[in-house]
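Novice: Sharing a structure here in structure tokens format.
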Amino acid sequence: MIKKESRNDIRKKRHNRIRNNISGTKEIPRLNVFRSNKEIFAQVIDDVLCTTLASSSSVELKIKNGGNKEGAALVGADIAKKCIKLKIKKVVFDRGGYLYHGRVAALADAARTNGLEF
């Protein structure tokens with residue numbers, strides 16, 4: 001009997017295909033998004049040195065409901081402010097294999113309106 005792939009397995013495959021074309025450097029790092037059912041996480045990553053330069057999440061910000069668009073927008077604004085403090089203005093957006101819709105789009109739009117370029 002063949003095991004059926006889960007949605008998350010399919011998303012991971014999609015993310016690996018995306019990551020073959022996207023990588024972050026110190027000048028232009030990668031803004032990675034991970035979302036779960038209840039929370040959303042964002043990291044700014046330098047892939048050359050394999051280090052996380054900044055991170056933000058709905059858990060860190062203690063948002064009561066991080067699993068909605070408003071929570072995602074707050075995380076996007078926070079990660080943008082942290083990047084501006086580190087003098088990072090341009091990033092490469094990595095949607096993590098998720099559709100650019102809903103919470104992922106809300107996070108990206110909030111990051112753009114707070115000063116990040118991608």
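Quick note on naming: the chains in the structure tokens go A, B, ... in the order shown, residues restart at 1 in each chain, and ligands are numbered from 1 in order of appearance.
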For stretch 74-89 of chain A, find every residue with an atom within 6 Å (counting only C-alpha atoms), except residues of its own chain fewer than 4 positions away, and show them as a ChimeraX atom specification.
Specialist: /A:56-57,107,110-111,114,116
Novice: Those same residues, written as a PDB file, in the first residue's frame with N, CA and C atoms?
Specialist:
ATOM      1  N   SER A  56      11.065  37.439  14.134  1.00  0.00           N
ATOM      2  CA  SER A  56       9.883  37.920  14.837  1.00  0.00           C
ATOM      3  C   SER A  56       8.804  36.856  14.703  1.00  0.00           C
ATOM      4  N   SER A  57       7.926  36.817  15.678  1.00  0.00           N
ATOM      5  CA  SER A  57       6.834  35.847  15.616  1.00  0.00           C
ATOM      6  C   SER A  57       5.668  36.352  16.443  1.00  0.00           C
ATOM      7  N   LEU A 107       1.577  39.715   5.923  1.00  0.00           N
ATOM      8  CA  LEU A 107       2.909  39.917   6.498  1.00  0.00           C
ATOM      9  C   LEU A 107       3.802  40.665   5.517  1.00  0.00           C
ATOM     10  N   ALA A 110       2.718  44.391   5.152  1.00  0.00           N
ATOM     11  CA  ALA A 110       3.081  45.176   6.334  1.00  0.00           C
ATOM     12  C   ALA A 110       4.582  45.453   6.360  1.00  0.00           C
ATOM     13  N   ALA A 111       5.381  44.475   5.941  1.00  0.00           N
ATOM     14  CA  ALA A 111       6.827  44.680   5.899  1.00  0.00           C
ATOM     15  C   ALA A 111       7.183  45.743   4.855  1.00  0.00           C
ATOM     16  N   ASN A 114       6.373  49.285   6.033  1.00  0.00           N
ATOM     17  CA  ASN A 114       7.249  49.749   7.102  1.00  0.00           C
ATOM     18  C   ASN A 114       8.708  49.905   6.656  1.00  0.00           C
ATOM     19  N   LEU A 116      10.692  47.914   4.166  1.00  0.00           N
ATOM     20  CA  LEU A 116      11.471  46.897   3.460  1.00  0.00           C
ATOM     21  C   LEU A 116      11.148  46.919   1.975  1.00  0.00           C
TER      22      LEU A 116
END
Novice: Can you tell me which residues surround stretch 92-105 of chain A at a distance of at most 9 Å, considering only C-alpha atoms, apart from same-chain residues fewer than 4 positions away, and format the answer as an NGL selection string?
Specialist: :A and (10-19 or 22-24 or 28-35 or 40 or 67-73 or 109-110 or 117-118)
Novice: Keeping only N, CA and C atoms, write the selected residues to a file as a short mmCIF file (atom, residue, chain, number, x, y, z; two decimals), in the first residue's frame.
Specialist:
data_model
loop_
_atom_site.label_atom_id
_atom_site.label_comp_id
_atom_site.auth_asym_id
_atom_site.auth_seq_id
_atom_site.Cartn_x
_atom_site.Cartn_y
_atom_site.Cartn_z
N ILE A 10 4.02 18.05 0.68
CA ILE A 10 3.94 18.69 -0.63
C ILE A 10 4.46 20.13 -0.54
N ARG A 11 4.11 20.83 0.55
CA ARG A 11 4.60 22.20 0.75
C ARG A 11 6.12 22.22 0.87
N LYS A 12 6.68 21.24 1.59
CA LYS A 12 8.14 21.18 1.74
C LYS A 12 8.82 20.96 0.40
N LYS A 13 8.24 20.13 -0.45
CA LYS A 13 8.80 19.92 -1.80
C LYS A 13 8.77 21.23 -2.60
N ARG A 14 7.64 21.93 -2.52
CA ARG A 14 7.50 23.21 -3.21
C ARG A 14 8.52 24.22 -2.68
N HIS A 15 8.70 24.24 -1.36
CA HIS A 15 9.67 25.15 -0.75
C HIS A 15 11.09 24.84 -1.22
N ASN A 16 11.43 23.57 -1.34
CA ASN A 16 12.76 23.19 -1.84
C ASN A 16 12.96 23.65 -3.28
N ARG A 17 11.93 23.56 -4.10
CA ARG A 17 12.04 24.05 -5.48
C ARG A 17 12.26 25.56 -5.50
N ILE A 18 11.55 26.28 -4.64
CA ILE A 18 11.71 27.73 -4.56
C ILE A 18 13.13 28.06 -4.07
N ARG A 19 13.61 27.33 -3.07
CA ARG A 19 14.91 27.61 -2.48
C ARG A 19 16.07 27.34 -3.45
N ILE A 22 16.27 30.90 -4.86
CA ILE A 22 16.33 32.04 -3.95
C ILE A 22 17.40 31.77 -2.90
N SER A 23 18.26 32.75 -2.68
CA SER A 23 19.17 32.67 -1.54
C SER A 23 19.48 34.08 -1.07
N GLY A 24 19.81 34.20 0.20
CA GLY A 24 20.08 35.50 0.78
C GLY A 24 21.56 35.72 1.01
N ILE A 28 21.66 41.50 0.80
CA ILE A 28 20.23 41.28 0.52
C ILE A 28 19.85 39.92 1.10
N PRO A 29 19.46 39.88 2.38
CA PRO A 29 19.12 38.59 3.00
C PRO A 29 17.74 38.09 2.57
N ARG A 30 17.43 36.89 3.00
CA ARG A 30 16.17 36.24 2.66
C ARG A 30 15.19 36.39 3.82
N LEU A 31 13.98 36.84 3.52
CA LEU A 31 12.91 36.94 4.52
C LEU A 31 12.05 35.69 4.39
N ASN A 32 12.18 34.79 5.35
CA ASN A 32 11.48 33.51 5.31
C ASN A 32 10.24 33.58 6.19
N VAL A 33 9.15 32.97 5.74
CA VAL A 33 7.89 32.95 6.48
C VAL A 33 7.51 31.50 6.77
N PHE A 34 7.11 31.25 8.01
CA PHE A 34 6.54 29.96 8.38
C PHE A 34 5.24 30.24 9.12
N ARG A 35 4.21 29.53 8.73
CA ARG A 35 2.93 29.71 9.42
C ARG A 35 2.43 28.36 9.89
N ILE A 40 2.44 32.63 13.45
CA ILE A 40 3.19 32.94 12.23
C ILE A 40 4.58 33.43 12.65
N GLY A 67 -2.89 33.61 14.48
CA GLY A 67 -3.28 32.87 13.31
C GLY A 67 -4.23 33.61 12.39
N ASN A 68 -4.22 34.96 12.45
CA ASN A 68 -5.08 35.71 11.54
C ASN A 68 -4.26 36.80 10.83
N LYS A 69 -4.90 37.51 9.92
CA LYS A 69 -4.19 38.51 9.11
C LYS A 69 -3.66 39.66 9.95
N GLU A 70 -4.41 40.06 10.97
CA GLU A 70 -3.96 41.17 11.81
C GLU A 70 -2.68 40.81 12.55
N GLY A 71 -2.63 39.59 13.07
CA GLY A 71 -1.41 39.13 13.74
C GLY A 71 -0.24 39.05 12.78
N ALA A 72 -0.49 38.59 11.57
CA ALA A 72 0.56 38.51 10.55
C ALA A 72 1.07 39.90 10.19
N ALA A 73 0.17 40.86 10.12
CA ALA A 73 0.57 42.24 9.81
C ALA A 73 1.45 42.82 10.91
N ASP A 109 2.93 42.64 2.95
CA ASP A 109 2.46 44.02 2.75
C ASP A 109 2.84 44.91 3.93
N ALA A 110 2.72 44.39 5.15
CA ALA A 110 3.08 45.18 6.33
C ALA A 110 4.58 45.45 6.36
N GLU A 117 12.14 46.62 1.16
CA GLU A 117 11.94 46.54 -0.29
C GLU A 117 12.17 45.11 -0.75
N PHE A 118 11.19 44.59 -1.50
CA PHE A 118 11.34 43.29 -2.16
C PHE A 118 10.32 43.16 -3.25
#
Novice: Using DSSP secondary structure from the backbone, list all helix (DSSP H, G or I) positions within stretch 40-93 of chain A, as a list in words.
Specialist: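 Reading the DSSP output for stretch 40-93 of chain A, helix (DSSP H, G or I) covers Lys69, Glu70, Gly71, Ala72, Ala73, Leu74, Val75, Gly76, Ala77, Asp78, Ile79, Ala80, Lys81, Lys82, Cys83, Ile84 and Lys85 of chain A.
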Novice: Print the selection's residues with C-alpha atoms to a file, as a compact mmCIF listing (two decimals), in the first residue's frame.
Specialist:
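Result file follows (out-v9.txt):
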# COMPACT_ATOMS: atom_id res chain seq x y z
CA LYS A 69 -4.19 38.51 9.11
CA GLU A 70 -3.96 41.17 11.81
CA GLY A 71 -1.41 39.13 13.74
CA ALA A 72 0.56 38.51 10.55
CA ALA A 73 0.57 42.24 9.81
CA LEU A 74 1.96 42.99 13.27
CA VAL A 75 4.74 40.44 12.77
CA GLY A 76 5.53 41.93 9.35
CA ALA A 77 5.76 45.43 10.81
CA ASP A 78 7.99 44.21 13.65
CA ILE A 79 10.41 42.34 11.37
CA ALA A 80 10.66 45.41 9.12
CA LYS A 81 11.52 47.64 12.09
CA LYS A 82 14.19 45.18 13.24
CA CYS A 83 15.68 45.09 9.74
CA ILE A 84 15.76 48.88 9.49
CA LYS A 85 17.65 48.97 12.83
Novice: Among stretch 28-111 of chain A, which residues does DSSP mark as strand (DSSP E) when it is run on the backbone? Keep the chain and numbering as in the structure and answer as a ChimeraX atom specification.
Specialist: /A:30-35,40-46,51-57,92-94
Novice: Export, as a tab-separated table (two decimals), in the first residue's frame, the selected residues with C-alpha atoms.
Specialist:
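Saved result, out35.tsv, follows:
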chain	number	residue	atom	x	y	z
A	30	ARG	CA	16.17	36.24	2.66
A	31	LEU	CA	12.91	36.94	4.52
A	32	ASN	CA	11.48	33.51	5.31
A	33	VAL	CA	7.89	32.95	6.48
A	34	PHE	CA	6.54	29.96	8.38
A	35	ARG	CA	2.93	29.71	9.42
A	40	ILE	CA	3.19	32.94	12.23
A	41	PHE	CA	6.98	33.32	12.20
A	42	ALA	CA	9.37	35.43	10.11
A	43	GLN	CA	13.17	35.26	9.88
A	44	VAL	CA	15.72	37.30	7.99
A	45	ILE	CA	18.49	34.88	6.99
A	46	ASP	CA	21.98	35.24	5.50
A	51	THR	CA	22.88	32.81	10.24
A	52	THR	CA	19.61	34.39	11.27
A	53	LEU	CA	19.98	38.16	11.33
A	54	ALA	CA	16.55	39.02	12.76
A	55	SER	CA	13.39	37.19	13.68
A	56	SER	CA	9.88	37.92	14.84
A	57	SER	CA	6.83	35.85	15.62
A	92	VAL	CA	14.38	38.53	-0.96
A	93	PHE	CA	10.93	37.24	0.02
A	94	ASP	CA	10.67	33.49	0.61
